[in-house]
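> Provided herewith is a single structure, encoded as structure tokens, for subsequent inquiry.
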Amino acid sequence: MNVVCFIRYEIDPFQREAFRRYAVAWGGIIPRLGGQLLGYFLPHEGSNVEAWGLVGFASLADYEAYRARLKCDAEAQANFEFAQRERFIRREERRFCQAVAETLAVAA
């Protein structure tokens with residue numbers, strides 16, 4: 001994993017459970033379509049409207065191939081439609097970061 005897609009969500013705090021369901025669904029979809037799911041994160045302390053998803057890829061080309069597979073996948077499309085129908089995501093931003101491999105998953 002060289003590239004991490006960092007997704008920042010602004011969510012409706014009254015629909016936290018709907019966002020959790022959305023994130024759990026990606027837990028099966030993302031790895032099946034070629035992404036390395038690092039995790040989804042709900043707000044806990046402080047802001048109650050900011051959530052995150054982190055997905056790793058070997059390269060931006062691998063990310064683009066993954067995005068193409070998403071568009072053709074029925075389960076992925078159903079999850080996108082769930083989010084649009086329920087309107088629990090108010091805003092979504094994507095940023096791409098380079099992973100520092102020596103710092104990933106360092107145990108305490």
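Each chain of the structure tokens is named A, B, ... in the order shown, its residues numbered from 1; ligands are numbered from 1 in display order.
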Name the residues in contact with range 22-34 of chain A at a cut-off of 12 Å, using only C-alpha atoms, excluding same-chain residues fewer than 5 positions from it; report them as a ChimeraX atom specification.
/A:1,7,9,11,15-17,39-42,51-59,61-89
> Among chain A, which ones does DSSP place in alpha helix (DSSP H), written as a PyMOL selection string?
chain A and resi 16-32+60-72+74-86
> Would you mind reading off the distance between CA of Cys97 in chain A and CA of Asn2 in chain A, one decimal, in Å?
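Computing it gives 8.4 Å between the two atoms.
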> For the atom pair CA of Thr103 in chain A and CA of Gly46 in chain A, what is the interatomic distance in Å to one decimal place?
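Separating CA of Thr103 in chain A from CA of Gly46 in chain A is a distance of 25.6 Å.
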> From a DSSP calculation on the backbone, collect every residue of chain A in strand (DSSP E or B) and output the set as a PyMOL selection string.
chain A and resi 3-11+36-41+50-57+89-98
